[in-house]
Structure formats: structure tokens, C-alpha cells
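Here's input.cif, which has mmCIF, C-alpha atoms:
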data_input
loop_
_atom_site.label_atom_id
_atom_site.label_comp_id
_atom_site.auth_asym_id
_atom_site.auth_seq_id
_atom_site.Cartn_x
_atom_site.Cartn_y
_atom_site.Cartn_z
CA MET A 149 -5.02 126.47 22.77
CA SER A 150 -4.00 129.93 21.56
CA TYR A 151 -2.35 130.82 18.29
CA THR A 152 1.35 131.48 18.99
CA GLN A 153 3.87 133.45 17.00
CA LEU A 154 7.60 134.00 17.06
CA TRP A 155 9.05 137.04 15.34
CA ILE A 156 12.81 137.25 14.88
CA LEU A 157 14.17 140.69 14.08
CA VAL A 158 17.38 140.46 12.05
CA GLU A 159 19.77 143.12 10.89
CA GLY A 160 20.38 142.19 7.28
CA ASN A 161 20.48 139.62 4.50
CA ASP A 162 23.13 137.32 6.00
CA ASP A 163 21.20 137.10 9.25
CA GLU A 164 17.94 136.52 7.42
CA ARG A 165 19.46 133.73 5.29
CA LEU A 166 20.70 131.83 8.36
CA ILE A 167 17.52 132.30 10.38
CA GLN A 168 15.44 131.21 7.38
CA HIS A 169 17.52 128.03 7.32
CA VAL A 170 16.95 127.21 11.01
CA LYS A 171 13.32 128.39 10.97
CA PRO A 172 11.93 124.80 10.71
CA GLU A 173 13.31 124.16 14.22
CA PHE A 174 10.88 126.81 15.52
CA GLU A 175 7.92 125.93 13.33
CA VAL A 176 7.20 122.85 15.43
CA LEU A 177 6.88 125.13 18.48
CA TYR A 178 4.90 128.04 17.04
CA ASP A 179 1.93 128.42 14.72
CA HIS A 180 3.76 131.16 12.83
CA VAL A 181 7.42 132.14 12.64
CA GLY A 182 8.23 135.47 11.02
CA ILE A 183 11.50 137.17 10.18
CA TRP A 184 11.69 140.97 9.97
CA LYS A 185 14.74 142.97 8.82
CA TYR A 186 15.31 146.16 10.77
CA ALA A 187 18.57 147.54 9.31
CA LYS A 188 16.97 149.90 6.81
CA ALA A 189 13.97 150.77 8.96
CA THR A 190 13.80 153.97 10.96
CA LYS A 191 14.06 153.87 14.74
CA LYS A 192 10.40 154.92 14.87
CA THR A 193 9.33 152.04 12.59
CA VAL A 194 11.26 149.47 14.63
CA ALA A 195 9.85 150.88 17.87
CA GLU A 196 6.31 150.65 16.49
CA PHE A 197 6.87 147.07 15.29
CA LEU A 198 8.14 146.12 18.77
CA ARG A 199 5.18 147.87 20.42
CA VAL A 200 2.70 145.92 18.31
CA MET A 201 4.49 142.62 18.96
CA ASN A 202 4.54 143.26 22.71
CA SER A 203 0.86 144.12 22.81
CA ALA A 204 -0.13 140.58 21.83
CA PRO A 205 0.21 138.02 24.66
CA SER A 206 0.78 135.07 22.31
CA VAL A 207 3.69 136.66 20.42
CA ASP A 208 7.33 136.06 21.28
CA CYS A 209 9.88 138.38 19.78
CA ILE A 210 13.66 138.05 19.56
CA TYR A 211 15.86 140.96 18.52
CA LEU A 212 19.12 139.67 17.01
CA ALA A 213 22.23 141.86 16.69
CA ASP A 214 25.98 141.42 16.28
CA ILE A 215 28.17 142.50 19.18
CA ASN A 216 30.26 144.62 16.78
CA ASN A 217 32.37 147.13 18.75
CA SER A 218 30.59 146.79 22.09
CA PRO A 219 32.85 145.86 24.99
CA CYS A 220 30.53 143.02 26.06
CA ILE A 221 27.15 141.39 25.50
CA THR A 222 25.60 143.25 28.44
CA ALA A 223 26.63 146.65 27.07
CA LYS A 224 25.26 145.83 23.62
CA ARG A 225 21.96 144.58 25.03
CA GLU A 226 21.62 147.63 27.28
CA GLY A 227 22.31 149.93 24.33
CA ILE A 228 19.50 148.31 22.34
CA LYS A 229 17.19 148.37 25.36
CA ASN A 230 17.91 152.06 25.90
CA LYS A 231 17.19 152.77 22.24
CA TYR A 232 13.71 151.18 22.36
CA GLY A 233 12.82 151.50 26.03
CA ASN A 234 9.91 149.44 27.32
CA ARG A 235 9.12 148.20 23.81
CA ILE A 236 11.56 145.32 24.24
CA GLU A 237 12.57 143.24 27.21
CA ILE A 238 16.31 142.87 27.64
CA GLU A 239 15.84 139.09 27.86
CA ARG A 240 14.52 139.11 24.28
CA ILE A 241 17.72 140.63 22.86
CA VAL A 242 20.22 138.07 21.57
CA ILE A 243 23.73 139.08 20.59
CA ALA A 244 25.73 137.12 18.01
CA VAL A 245 29.34 136.81 19.16
CA GLN A 246 31.35 137.99 17.41
CA GLU A 247 29.12 138.36 14.37
CA ILE A 248 26.57 136.26 12.48
CA GLU A 249 29.35 134.80 10.34
CA SER A 250 30.55 132.92 13.43
CA TRP A 251 27.18 131.15 13.54
CA TYR A 252 27.52 130.03 9.94
CA LEU A 253 30.89 128.39 10.57
CA ALA A 254 29.71 126.89 13.86
CA GLY A 255 27.27 124.65 11.99
CA LEU A 256 30.02 122.84 10.09
CA ASP A 257 31.46 119.60 11.39
CA GLU A 258 35.02 118.51 10.61
CA GLN A 259 34.09 116.61 7.45
CA ASP A 260 31.96 119.42 6.02
CA SER A 261 34.69 121.96 6.76
CA LYS A 262 37.21 119.86 4.87
CA GLU A 263 34.82 119.41 1.94
CA LEU A 264 34.43 123.18 1.71
CA GLY A 265 38.18 123.64 1.93
CA ILE A 266 38.48 125.33 5.30
CA LYS A 267 40.28 124.37 8.47
CA PRO A 268 37.91 122.65 10.93
CA LEU A 269 37.17 124.75 14.00
CA ASN A 270 36.39 123.55 17.52
CA GLY A 271 34.67 126.82 18.36
CA THR A 272 33.67 129.96 16.52
CA ASP A 273 33.00 132.54 19.24
CA ASP A 274 35.92 134.68 18.00
CA ILE A 275 34.99 134.77 14.29
CA THR A 276 34.46 138.25 12.85
CA LYS A 277 33.38 139.25 9.33
CA GLU A 278 37.03 139.84 8.49
CA LYS A 279 38.16 136.41 9.72
CA PHE A 280 35.25 134.83 7.86
CA SER A 281 36.26 136.59 4.66
CA ASP A 282 39.88 135.54 5.12
CA MET A 283 38.75 131.91 5.51
CA THR A 284 36.59 131.94 2.37
CA PRO A 285 38.06 129.43 -0.08
CA ALA A 286 39.30 130.92 -3.36
CA ARG A 287 36.86 128.83 -5.40
CA PHE A 288 33.99 131.01 -4.17
CA ASP A 289 33.57 134.32 -5.95
CA SER A 290 32.05 136.00 -2.92
CA ARG A 291 30.55 135.44 0.49
CA ILE A 292 27.14 135.47 -1.21
CA ASP A 293 28.19 132.31 -3.08
CA TYR A 294 29.90 130.80 -0.02
CA MET A 295 27.21 131.24 2.64
CA PRO A 296 24.52 129.13 0.88
CA GLU A 297 27.09 126.35 0.46
CA ILE A 298 27.69 126.41 4.20
CA LEU A 299 23.94 126.25 4.86
CA LYS A 300 23.62 123.14 2.67
CA ARG A 301 25.79 121.39 5.26
CA PHE A 302 24.73 123.31 8.37
CA SER A 303 23.84 121.33 11.49
CA VAL A 304 21.96 123.07 14.30
CA GLU A 305 23.31 120.61 16.86
CA THR A 306 26.90 121.23 15.73
CA GLY A 307 26.28 124.98 15.75
CA VAL A 308 25.00 124.91 19.32
CA ALA A 309 28.03 122.91 20.42
CA LYS A 310 30.54 125.22 18.72
CA ASN A 311 29.10 128.69 19.39
CA ALA A 312 27.73 129.80 22.76
CA SER A 313 25.67 132.70 21.43
CA PHE A 314 24.03 130.51 18.77
CA GLY A 315 23.11 128.02 21.51
CA TYR A 316 21.68 130.86 23.59
CA PHE A 317 19.61 132.04 20.62
CA MET A 318 18.19 128.57 20.00
CA ARG A 319 17.23 128.20 23.66
CA LYS A 320 15.66 131.69 23.74
CA ALA A 321 13.51 130.65 20.77
CA GLY A 322 12.36 127.59 22.71
CA CYS A 323 14.50 124.87 21.14
CA ASP A 324 16.09 122.33 23.43
CA VAL A 325 19.09 121.28 21.33
#

How does the structure come out when it is put into C-alpha cells?
Amino acid sequence: MSYTQLWILVEGNDDERLIQHVKPEFEVLYDHVGIWKYAKATKKTVAEFLRVMNSAPSVDCIYLADINNSPCITAKREGIKNKYGNRIEIERIVIAVQEIESWYLAGLDEQDSKELGIKPLNGTDDITKEKFSDMTPARFDSRIDYMPEILKRFSVETGVAKNASFGYFMRKAGCDV
């Protein structure tokens, strides 16, 4: 049996924190799971990283990005694909809708939401950074204090049920949740 790896490319610290939290879900499927931040890297550095990852047959790679101002998931994925060409397959690009903050809130059930002091949500596909910030309870000094508190209560199964793009990401990484 060959040594398998999964590399997840994330934009920044908030993405990395969440993926680090769900990483154990992937570690039962792969021999190694790595997380690599691309936000401060040059286009050339990212392209080279993708080239190296694609040259190994036992390496899976997922490029994670927020939809931001793109009109749709397809347009965002195509923009990333065009940027890096044949170094990444379009199927390996996962877009967080609306932004990674929506994934954080998706993992909270009704009880956990109430304990944190936020209104329970049935779905989080429309949550932006701004909405997330507006929902942050006053007892937290910043989102940096708030996000780890969410992760203490975060449920992957709840997240998959409440956010379509998080569910897509988990399936792309090989998890059947």
C-alpha cells in the first residue's frame, strides 16, 4: 500500500485554524495531512507548490478559497484555475460560501449557539465576514477570541448539515459525513 498525503491550501489564519480543527477527520484516511497558507506567497511560489504536489501520484491537494466578490462558485473556480493553469485541477478547488466564517457558525448546534449567546441558525450559506462580526457576542474582545470558542463546540456533522460548501469540502477530502 502506498503512502498517501492530503495537502489543503488555505488563504489565512482563520482558514488554517478551522482546517486544523477538522484535520483528524482526514488523518484516518491519509498517512499525512498538511496545511499550507498561500495568502502571503507569490503566485510563482504557489504555482511551484501545486506543480510539486501534482507530480506525486499519491498526493491529493485541495485549494480552499472564499467566494468573495465572484458572481458564482464556477466563476471563482475558473479564475483560480486560469491563474495556475494545469497545475491544479478545477475539481480540486473548493469555494467557501460565502466565506470561511460561515463554516465556523455551521458547526454549532442550537444548544451551543445559545451557550455562546448567538441566535441559532438553520443554515449558514449566506454568512459573510461582516455578518459574522455583527453576530459576535459583546463578551468577546475580538473574532480571534471568539473563533476558538466556536471550535471548542464545533461538530463536523452539524457543519455538513448546515453549510453546503463545507459538506462539499469534506466529501472532496474523502470524508463520508

Using 9 Å as the limit and counting all atoms listed in the file, can you tabulate each residue of segment 150-194 of chain A that touches segment 292-298 of chain A, with its shortest atom-to-atom distance in Å and the two atoms involved, as a tab-separated table?
residue	atom	partner	partner_atom	distance
A:Asp162	CA	A:Met295	CA	8.1
A:Arg165	CA	A:Pro296	CA	8.1
A:Leu166	CA	A:Met295	CA	8.7

If you count only C-alpha atoms, the residue of A:Glu159, A:Asp208, A:Glu258, A:Glu249 closest to Thr306 of chain A turns out to be A:Glu258

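With all atoms listed in the file as the basis for measurement, A:Leu198 is the residue among A:Leu198, A:Leu264, A:Arg301, A:Ala254 that approaches Glu237 of chain A most closely.
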
In file coordinates, which residues lie within 12 Å of (15.3, 150.0, 23.2) using all atoms listed in the file, given as a list in words?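 Residues with an atom at most 12 Å from (15.3, 150.0, 23.2): Lys191, Lys192, Val194, Ala195, Glu196, Phe197, Leu198, Arg199, Tyr211, Lys224, Arg225, Glu226, Gly227, Ile228, Lys229, Asn230, Lys231, Tyr232, Gly233, Asn234, Arg235, Ile236, Glu237, Ile238, Glu239, Arg240 and Ile241 of chain A.
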
What does the structure give for the distance between atom CA of Ser218 of chain A and atom CA of Gly315 of chain A, in Å to one decimal? 20.2 Å

Give the centre and edge lengths of an axis-aligned box, in Å to one decimal, that holds all listed atoms of segment 171-179 of chain A with 8 Å on each side, as lines of an AutoDock Vina configuration file.
center_x = 7.6
center_y = 125.6
center_z = 14.6
size_x = 27.4
size_y = 21.6
size_z = 23.8

Between A:Val242, A:Leu256, A:Ala189, A:Leu269, which residue has the minimum interatomic distance to Val304 of chain A, considering all atoms listed in the file? A:Leu256
